[in-house]
2 protein chains.
Amino acid sequence: MPTQEEMKAALQGYVDGFNAGDPAAVAALFADDAVVEDPVGHPRIAGRAAIDEFYANAVAGGAKLSLDGPIRGSHGDRAAMAFTVEVPAMGMRIRAIDVMTFGPDGKIVKMEAHWGPDDIEQ
Amino acid sequence: MPTQEEMKAALQGYVDGFNAGDPAAVAALFADDAVVEDPVGHPRIAGRAAIDEFYANAVAGGAKLSLDGPIRGSHGDRAAMAFTVEVPAMGMRIRAIDVMTFGPDGKIVKMEAHWGPDDIEQ
């Protein structure tokens, strides 16, 4: 299991990858067989090709992320963060809380993004 | 499935119950067969008696909660919030992110609290 520091660094890397416009850096945080549920309640996507495509589109859309407070760890294989997504081109703001589950090699195996219809401002 | 508003009201009620020193109000948000994992990675507790006892102790300890930004919903049966717990008597601060899963009757059926050893300040 990765350490708390390693998990938190991965979540910070997720934020930084978006803000640097670097989708490959974001996708590289995930295991090849990872599952992404963004938002929770929508169909999950799974696997390397789907994840690469998902983040290519998300980063190309110009989304910039800012943390709402420190990244949290756990006493297990999960870490979580609350953040605000700004998409200036769409005049859109989304408030989300992402929970990431990690595999033994430190890659993200599951990502669950909590945001609902009411968490978008336009 | 409860509405976004109902789920968010339950999470706000959780915060308010702590801050009012009212453990019964907090425990009443949970289904009788709910599961609480606080923190994630520690053994879960389950069922009415265990949940009542857990929150009686937590509230008696003087923990006060303040939200770090708005409560988030989802497109499903979950809502989440980032908050800071202050326990003045112990000079302790914990930064947590809780994810609650709801049953069809609007009661919480699962609570997962994300905070690690590094998320406590003393």
# chains A, B, ... in the order shown; residues from 1 in each chain; ligands from 1

call {"tool": "interface_residues", "arguments": {"of": "chain B", "to": "chain A", "cutoff": "8 Å", "atoms": "only C-alpha atoms", "output": "PyMOL selection string"}}
result
chain B and resi 4+39-42+68-70+72-82+95-97+113-119

call {"tool": "select_by_dssp", "arguments": {"residues": "region 38-67 of chain B", "states": "strand (DSSP E or B)", "output": "ChimeraX atom specification"}}
result
/B:40,42,45-46,64-67

call {"tool": "atom_distance", "arguments": {"atom1": "CA of Val87 (chain B)", "atom2": "CA of Val36 (chain B)"}}
result
20.4 Å

call {"tool": "select_by_dssp", "arguments": {"residues": "chain A", "states": "helix (DSSP H, G or I)", "output": "short mmCIF file (atom, residue, chain, number, x, y, z; two decimals) with N, CA, C and O atoms, in the first residue's frame"}}
result
data_model
loop_
_atom_site.label_atom_id
_atom_site.label_comp_id
_atom_site.auth_asym_id
_atom_site.auth_seq_id
_atom_site.Cartn_x
_atom_site.Cartn_y
_atom_site.Cartn_z
N GLN A 4 0.84 7.61 3.00
CA GLN A 4 -0.02 8.79 2.96
C GLN A 4 0.59 9.87 2.06
O GLN A 4 -0.11 10.51 1.28
N GLU A 5 1.90 10.06 2.19
CA GLU A 5 2.56 11.09 1.39
C GLU A 5 2.46 10.79 -0.09
O GLU A 5 2.25 11.68 -0.91
N GLU A 6 2.62 9.51 -0.44
CA GLU A 6 2.54 9.13 -1.86
C GLU A 6 1.14 9.35 -2.42
O GLU A 6 0.97 9.84 -3.53
N MET A 7 0.13 8.97 -1.64
CA MET A 7 -1.24 9.17 -2.12
C MET A 7 -1.56 10.65 -2.27
O MET A 7 -2.15 11.08 -3.27
N LYS A 8 -1.17 11.44 -1.28
CA LYS A 8 -1.45 12.87 -1.36
C LYS A 8 -0.70 13.52 -2.52
O LYS A 8 -1.22 14.43 -3.18
N ALA A 9 0.52 13.05 -2.76
CA ALA A 9 1.28 13.59 -3.90
C ALA A 9 0.59 13.27 -5.21
O ALA A 9 0.60 14.08 -6.16
N ALA A 10 -0.02 12.10 -5.31
CA ALA A 10 -0.74 11.74 -6.54
C ALA A 10 -1.94 12.66 -6.74
O ALA A 10 -2.19 13.13 -7.86
N LEU A 11 -2.66 12.95 -5.67
CA LEU A 11 -3.83 13.85 -5.82
C LEU A 11 -3.37 15.27 -6.18
O LEU A 11 -3.99 15.94 -7.01
N GLN A 12 -2.26 15.70 -5.56
CA GLN A 12 -1.72 17.02 -5.94
C GLN A 12 -1.28 16.99 -7.41
O GLN A 12 -1.48 17.97 -8.14
N GLY A 13 -0.72 15.88 -7.83
CA GLY A 13 -0.31 15.74 -9.23
C GLY A 13 -1.48 15.80 -10.20
O GLY A 13 -1.35 16.28 -11.33
N TYR A 14 -2.61 15.30 -9.75
CA TYR A 14 -3.85 15.37 -10.54
C TYR A 14 -4.24 16.83 -10.76
O TYR A 14 -4.52 17.26 -11.88
N VAL A 15 -4.24 17.60 -9.67
CA VAL A 15 -4.56 19.03 -9.76
C VAL A 15 -3.54 19.74 -10.66
O VAL A 15 -3.91 20.50 -11.57
N ASP A 16 -2.27 19.48 -10.40
CA ASP A 16 -1.21 20.16 -11.14
C ASP A 16 -1.25 19.82 -12.63
O ASP A 16 -0.98 20.67 -13.47
N GLY A 17 -1.58 18.56 -12.94
CA GLY A 17 -1.64 18.15 -14.34
C GLY A 17 -2.73 18.90 -15.11
O GLY A 17 -2.51 19.33 -16.24
N PHE A 18 -3.88 19.06 -14.49
CA PHE A 18 -4.94 19.87 -15.10
C PHE A 18 -4.45 21.29 -15.32
O PHE A 18 -4.60 21.86 -16.40
N ASN A 19 -3.85 21.85 -14.28
CA ASN A 19 -3.51 23.28 -14.34
C ASN A 19 -2.35 23.55 -15.29
O ASN A 19 -2.19 24.67 -15.77
N PRO A 23 -2.61 16.44 -19.98
CA PRO A 23 -3.48 15.28 -19.71
C PRO A 23 -2.70 13.98 -19.52
O PRO A 23 -3.16 13.11 -18.77
N ALA A 24 -1.54 13.86 -20.16
CA ALA A 24 -0.75 12.62 -20.00
C ALA A 24 -0.28 12.48 -18.56
O ALA A 24 -0.23 11.36 -18.03
N ALA A 25 0.06 13.61 -17.94
CA ALA A 25 0.51 13.55 -16.54
C ALA A 25 -0.63 13.09 -15.64
O ALA A 25 -0.40 12.35 -14.67
N VAL A 26 -1.85 13.52 -15.94
CA VAL A 26 -3.00 13.10 -15.15
C VAL A 26 -3.28 11.61 -15.36
O VAL A 26 -3.39 10.84 -14.40
N ALA A 27 -3.35 11.21 -16.62
CA ALA A 27 -3.69 9.81 -16.93
C ALA A 27 -2.65 8.84 -16.40
O ALA A 27 -2.97 7.70 -16.04
N ARG A 48 -7.21 1.76 -19.81
CA ARG A 48 -6.23 2.75 -20.26
C ARG A 48 -6.78 3.66 -21.37
O ARG A 48 -6.68 4.89 -21.28
N ALA A 49 -7.35 3.07 -22.42
CA ALA A 49 -7.77 3.89 -23.57
C ALA A 49 -8.87 4.87 -23.17
O ALA A 49 -8.83 6.06 -23.52
N ALA A 50 -9.83 4.38 -22.40
CA ALA A 50 -10.95 5.24 -21.99
C ALA A 50 -10.48 6.34 -21.06
O ALA A 50 -10.94 7.49 -21.15
N ILE A 51 -9.56 6.01 -20.18
CA ILE A 51 -9.05 7.01 -19.22
C ILE A 51 -8.22 8.06 -19.95
O ILE A 51 -8.35 9.27 -19.71
N ASP A 52 -7.36 7.62 -20.87
CA ASP A 52 -6.57 8.60 -21.64
C ASP A 52 -7.49 9.56 -22.39
O ASP A 52 -7.24 10.77 -22.41
N GLU A 53 -8.53 9.02 -23.00
CA GLU A 53 -9.44 9.86 -23.77
C GLU A 53 -10.22 10.82 -22.86
O GLU A 53 -10.41 12.00 -23.19
N PHE A 54 -10.65 10.29 -21.73
CA PHE A 54 -11.43 11.11 -20.79
C PHE A 54 -10.62 12.33 -20.34
O PHE A 54 -11.12 13.46 -20.35
N TYR A 55 -9.36 12.12 -19.99
CA TYR A 55 -8.57 13.24 -19.48
C TYR A 55 -8.06 14.14 -20.61
O TYR A 55 -7.89 15.35 -20.41
N ALA A 56 -7.86 13.57 -21.78
CA ALA A 56 -7.52 14.42 -22.93
C ALA A 56 -8.64 15.44 -23.16
O ALA A 56 -8.38 16.64 -23.34
N ASN A 57 -9.87 14.97 -23.13
CA ASN A 57 -11.01 15.87 -23.34
C ASN A 57 -11.18 16.86 -22.20
O ASN A 57 -11.44 18.05 -22.42
N ALA A 58 -11.03 16.36 -20.98
CA ALA A 58 -11.26 17.23 -19.81
C ALA A 58 -10.22 18.35 -19.77
O ALA A 58 -10.56 19.52 -19.53
N VAL A 59 -8.97 18.02 -20.02
CA VAL A 59 -7.92 19.03 -19.97
C VAL A 59 -8.03 19.97 -21.17
O VAL A 59 -7.85 21.19 -21.03
N ALA A 60 -8.37 19.43 -22.33
CA ALA A 60 -8.54 20.28 -23.52
C ALA A 60 -9.67 21.28 -23.33
O ALA A 60 -9.65 22.37 -23.92
N PRO A 88 -13.37 28.48 -17.73
CA PRO A 88 -13.66 29.85 -18.15
C PRO A 88 -14.37 29.93 -19.51
O PRO A 88 -15.29 30.75 -19.68
N ALA A 89 -13.98 29.07 -20.45
CA ALA A 89 -14.57 29.14 -21.79
C ALA A 89 -16.07 28.88 -21.76
O ALA A 89 -16.82 29.34 -22.63
N MET A 90 -16.51 28.13 -20.76
CA MET A 90 -17.93 27.83 -20.63
C MET A 90 -18.58 28.65 -19.52
O MET A 90 -19.77 28.46 -19.24
N PRO A 117 -25.97 17.91 -9.95
CA PRO A 117 -26.49 18.97 -10.81
C PRO A 117 -26.47 20.33 -10.11
O PRO A 117 -26.29 21.36 -10.77
N ASP A 118 -26.63 20.32 -8.79
CA ASP A 118 -26.69 21.58 -8.04
C ASP A 118 -25.32 22.13 -7.70
O ASP A 118 -25.20 23.22 -7.11
N ASP A 119 -24.27 21.36 -8.04
CA ASP A 119 -22.90 21.80 -7.71
C ASP A 119 -22.23 22.48 -8.88
O ASP A 119 -21.02 22.73 -8.85
#
